[in-house]
Every structure is written in structure tokens, then in C-alpha cells.
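Q: Please read through the structure below; I'll follow up with questions.
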Amino acid sequence: MYHPKGPFLTSNRLERLEFAWNTIKDTSKQSNSVSTKDAFKRASANDNVKRQLTTFTMYGRTALISNIITKARSRVKGFFGFKGDKVKDDIEWLLKDSKFMYGGVNVEKREYNNQEPFGCDLIVDIIEAQWFSTTSRSNADAETSAKIAAEKDLPLTIIILAVTVIEHAIKEWNNGRKATPLAFTEDIAKQSYNHHLGNWNILAEKSPKWTSFWRQKLLKRILTNQEDVYGDSSNGSDLAGVDFGQLDALATAEMGEQEAS
């Protein structure tokens with residue numbers, strides 16, 4: 001899934017199986033779990049288990065891609081404000097020069113910040129929903145998010161995939177009336193993915209400091225949002241209206257009544 005070449009594979013069956021096995025091998029190599037490494041050694045020596053693992057990996061990849069396109073579909077209308085008779089014009093404006101991927105995009109005012117490519121808040125939202133949501137992510141996604149947080153490195157493939165699914169979901173509104181699901185096929189998705197990856201590579205070539213900085217900034221936004229929502233620590237602001245002395249007085253009075261009875 002997070003291979004540098006992206007999640008969309010060749011149609012060659014042997015190459016797809018090799019991709020899946022290399023993913024398993026890389027996961028084992030990067031794991032700190034002794035049991036995971038032992039399991040990989042056993043699987044490597046058993047062709048039947050190896051075949052089952054590669055099949056399972058391919059199914060998992062398909063499920064993840066299905067989940068993330070579903071999240072994009074459920075969000076684009078509200079985020080970009082599709083409504084009324086201008087939807088088709090809005091779609092055309094968003095897709096031209098990939099304006100939808102920029103920060104500060106405002107469809108109604110036809111504005112966006114051209115100094116924030118790959119800065120659309122919806123990119124962050126989808127990454128959060130897929131990899132950092134405590135309610136909907138799988139164990140595999142939870143492990144990925146923990147690894148991202150620990151290494152402080154947001155894989156480029158995740159960013160580009162988020163942009164790809166947003167673009168696809170926008171195109172589904174192309175009739176100007178309502179979303180009409182379009183098949184998110186390997187060929188279509190790969191073409192879009194490679195286009196946006198090409199844009200990123202141009203940025204990396206011409207503004208190398210920025211691309212490194214921006215990946216870190218996106219990750220910081222995601223992790224900050226997680227701390228805001230799920231943070232363990234408290235500064236006490238939630239309890240600003242509580243009279244702590246009165247609480248203790250109430251407890252003392254009630255405990256006294258219980259003892260008396």
C-alpha cells in the first residue's frame with residue numbers, strides 16, 4: 001500500500017503477487033515484534049501459507065482503497081458546497097489545474113491559495129478518517145498510524161492517494177445534479193495518481209525544502225487535531241464552572257447521612 005510506486009499495481013499477475021509478498025517481507029523486516037519475524041520465517045518455508053498470505057494482503061489492499069474512496073464520496077459535497085444550478089461550473093473550476101487540491105479553496109468566491117499546493121483541508125480530513133480515527137480504522141491502519149506518529153513521517157503515497165480519491169469523488173458530480181458513482185478502477189486511479197505524483201515531483205525538484213517541510217506540516221496538523229480531540233492531558237478548562245469546595249461539601253454531607261442511617 002505504501003510502496004514508493006504507489007498502491008495501483010500492474011495487471012501482470014506474477015508481478016502483483018511479487019508486490020504483495022515484498023510488502024509482507026518489508027513489514028516483517030520493519031517490525032519490532034519477534035513473533036512477527038518468526039511467523040514470516042515459517043511462512044517463507046511453506047508455499048501454501050505464503051500463497052494464503054499474499055492473497056490476504058491483496059484483499060486487504062482492495063478493502064483499504066474501497067474504504068478511502070467511500071470517505072471521499074461522503075465528504076466532497078459538504079466540503080466544496082455543491083448546490084444549486086452552478087454545480088457543473090463548480091466542478092469544472094475545481095478540476096481545471098487541480099485547484100481542488102490547494103489550501104484556502106473557496107468555490108463560491110473562486111479563490112484558492114496558489115502557495116499551498118496539496119494544502120486542501122479535505123486531504124487532512126480523509127487521512128485522519130482513514131488512518132487516525134479510533135472508531136473506524138482497522139488494526140492494520142492503527143499500526144500504520146502509530147508508526148507514522150513514532151517516525152514523524154507521513155508517507156507520500158498516503159498524501160497522493162488522498163488527492164486521487166478526492167478528484168475521483170468530485171468527478172462523480174459532473175452531471176451537475178447529483179453524484180453518480182464511477183468505478184474506481186485500477187487504470188483510472190493509477191492515471192490520476194501518477195498525474196498528482198508528477199506534480200509533487202516537480203515541486204520536489206524545484207522547491208525541495210518546501211516538499212520536505214510540507215509533509216511535516218501536514219502530519220503536524222493531523223497529530224495536533226488528534227491531541228485536541230483525544231488528548232490525555234487536561235488544562236482544567238472543561239471544569240471551569242465547577243466549585244470544587246462545594247463538591248467536597250456535598251460528598252461529606254451525603255456520606256454523613258449514609259453513616260447515620
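Each chain in the C-alpha cells gets a letter, A, B and so on, in the order shown; residues start at 1 in every chain, and ligands are counted from 1 in the order they appear.
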Can you pull out the residues contacting region 181-195 of chain A? Cut-off 7 Å, using only C-alpha atoms, and skip same-chain residues under 5 positions away; I want them as a PDB file with N, CA and C atoms, in the first residue's frame.

A:
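Contents of out37.pdb, as written:
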```
ATOM      1  N   PHE A   8      -1.384   1.337  -6.825  1.00  0.00           N
ATOM      2  CA  PHE A   8      -2.060   0.801  -8.005  1.00  0.00           C
ATOM      3  C   PHE A   8      -1.080  -0.014  -8.830  1.00  0.00           C
ATOM      4  N   ILE A 160      -0.785  11.422  -1.775  1.00  0.00           N
ATOM      5  CA  ILE A 160      -1.195  11.373  -3.181  1.00  0.00           C
ATOM      6  C   ILE A 160      -2.477  10.552  -3.342  1.00  0.00           C
ATOM      7  N   LEU A 161      -2.607   9.490  -2.575  1.00  0.00           N
ATOM      8  CA  LEU A 161      -3.828   8.685  -2.643  1.00  0.00           C
ATOM      9  C   LEU A 161      -5.038   9.505  -2.205  1.00  0.00           C
ATOM     10  N   THR A 164      -6.000  11.737  -4.973  1.00  0.00           N
ATOM     11  CA  THR A 164      -6.587  10.941  -6.059  1.00  0.00           C
ATOM     12  C   THR A 164      -8.054  10.631  -5.807  1.00  0.00           C
ATOM     13  N   GLU A 172     -17.528  12.581  -9.922  1.00  0.00           N
ATOM     14  CA  GLU A 172     -18.819  11.892  -9.867  1.00  0.00           C
ATOM     15  C   GLU A 172     -19.996  12.863  -9.823  1.00  0.00           C
TER      16      GLU A 172
END
```

Q: I need the residues in region 166-221 of chain A that are alpha helix (DSSP H) according to DSSP; give them as a PyMOL selection string.

A: chain A and resi 166-171+186-206+208-221

Q: Would you pick out the contacts of region 216-221 of chain A at 9 Å or less, using only C-alpha atoms, so that residues sharing its chain but fewer than 2 positions from it are not included, and give the list as a short mmCIF file (atom, residue, chain, number, x, y, z; two decimals) with N, CA and C atoms, in the first residue's frame?

A:
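That gives us part-v2.cif:
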```
data_model
loop_
_atom_site.label_atom_id
_atom_site.label_comp_id
_atom_site.auth_asym_id
_atom_site.auth_seq_id
_atom_site.Cartn_x
_atom_site.Cartn_y
_atom_site.Cartn_z
N GLY A 119 -2.55 21.44 -0.12
CA GLY A 119 -2.87 22.00 1.19
C GLY A 119 -4.35 22.01 1.53
N ILE A 123 -7.80 16.92 2.33
CA ILE A 123 -6.73 15.92 2.31
C ILE A 123 -6.45 15.46 3.73
N VAL A 124 -6.30 16.42 4.62
CA VAL A 124 -6.05 16.10 6.04
C VAL A 124 -7.22 15.33 6.63
N ILE A 148 3.56 6.04 11.83
CA ILE A 148 3.68 7.40 11.28
C ILE A 148 3.99 8.38 12.41
N ALA A 149 3.25 8.26 13.50
CA ALA A 149 3.44 9.18 14.63
C ALA A 149 4.81 9.00 15.26
N LYS A 152 7.41 10.19 12.80
CA LYS A 152 7.15 11.57 12.35
C LYS A 152 7.37 11.71 10.85
N ASP A 153 6.81 10.76 10.13
CA ASP A 153 6.96 10.76 8.67
C ASP A 153 5.66 10.31 8.03
N LEU A 154 5.01 11.22 7.30
CA LEU A 154 3.77 10.90 6.60
C LEU A 154 4.13 10.42 5.20
N THR A 211 8.83 20.78 -0.09
CA THR A 211 8.15 19.48 -0.06
C THR A 211 8.45 18.73 1.24
N SER A 212 9.67 18.84 1.72
CA SER A 212 10.01 18.20 2.99
C SER A 212 9.25 18.88 4.13
N PHE A 213 9.24 20.21 4.09
CA PHE A 213 8.53 20.99 5.11
C PHE A 213 7.03 20.70 5.09
N TRP A 214 6.45 20.59 3.88
CA TRP A 214 5.00 20.45 3.79
C TRP A 214 4.51 19.10 4.30
N LEU A 223 -1.67 15.31 13.71
CA LEU A 223 -1.38 14.92 15.09
C LEU A 223 -1.92 15.94 16.09
N THR A 224 -1.87 17.21 15.72
CA THR A 224 -2.42 18.25 16.59
C THR A 224 -3.93 18.08 16.74
N ASN A 225 -4.59 17.77 15.62
CA ASN A 225 -6.03 17.52 15.68
C ASN A 225 -6.35 16.34 16.59
N GLN A 226 -5.51 15.31 16.53
CA GLN A 226 -5.72 14.14 17.37
C GLN A 226 -5.56 14.50 18.84
#
```

Q: Set the distance at 8 Å and use only C-alpha atoms: which residues neighbour region 106-112 of chain A once local chain neighbours fewer than 2 positions away are removed? I'd like the list as a PyMOL selection string.

A: chain A and resi 80-81+90+93-94+99+102-104+114

Q: Of the residues A:Glu18, A:Asp121, A:Glu167, A:Glu116, which is the one nearest to His196 (chain A), using only C-alpha atoms?

A: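 Checking each of A:Glu18, A:Asp121, A:Glu167, A:Glu116 against His196 (chain A), counting only C-alpha atoms, the winner is A:Glu167.
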
Q: With distances taken over only C-alpha atoms, which residue among A:Ala72, A:Met101, A:Ile127, A:Ile158 lies nearest Gln115 (chain A)?

A: A:Met101

Q: So how many Å separate CA of Asn201 (chain A) and CA of Leu156 (chain A), to one decimal?

A: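 Separation between CA of Asn201 (chain A) and CA of Leu156 (chain A): 10.6 Å.
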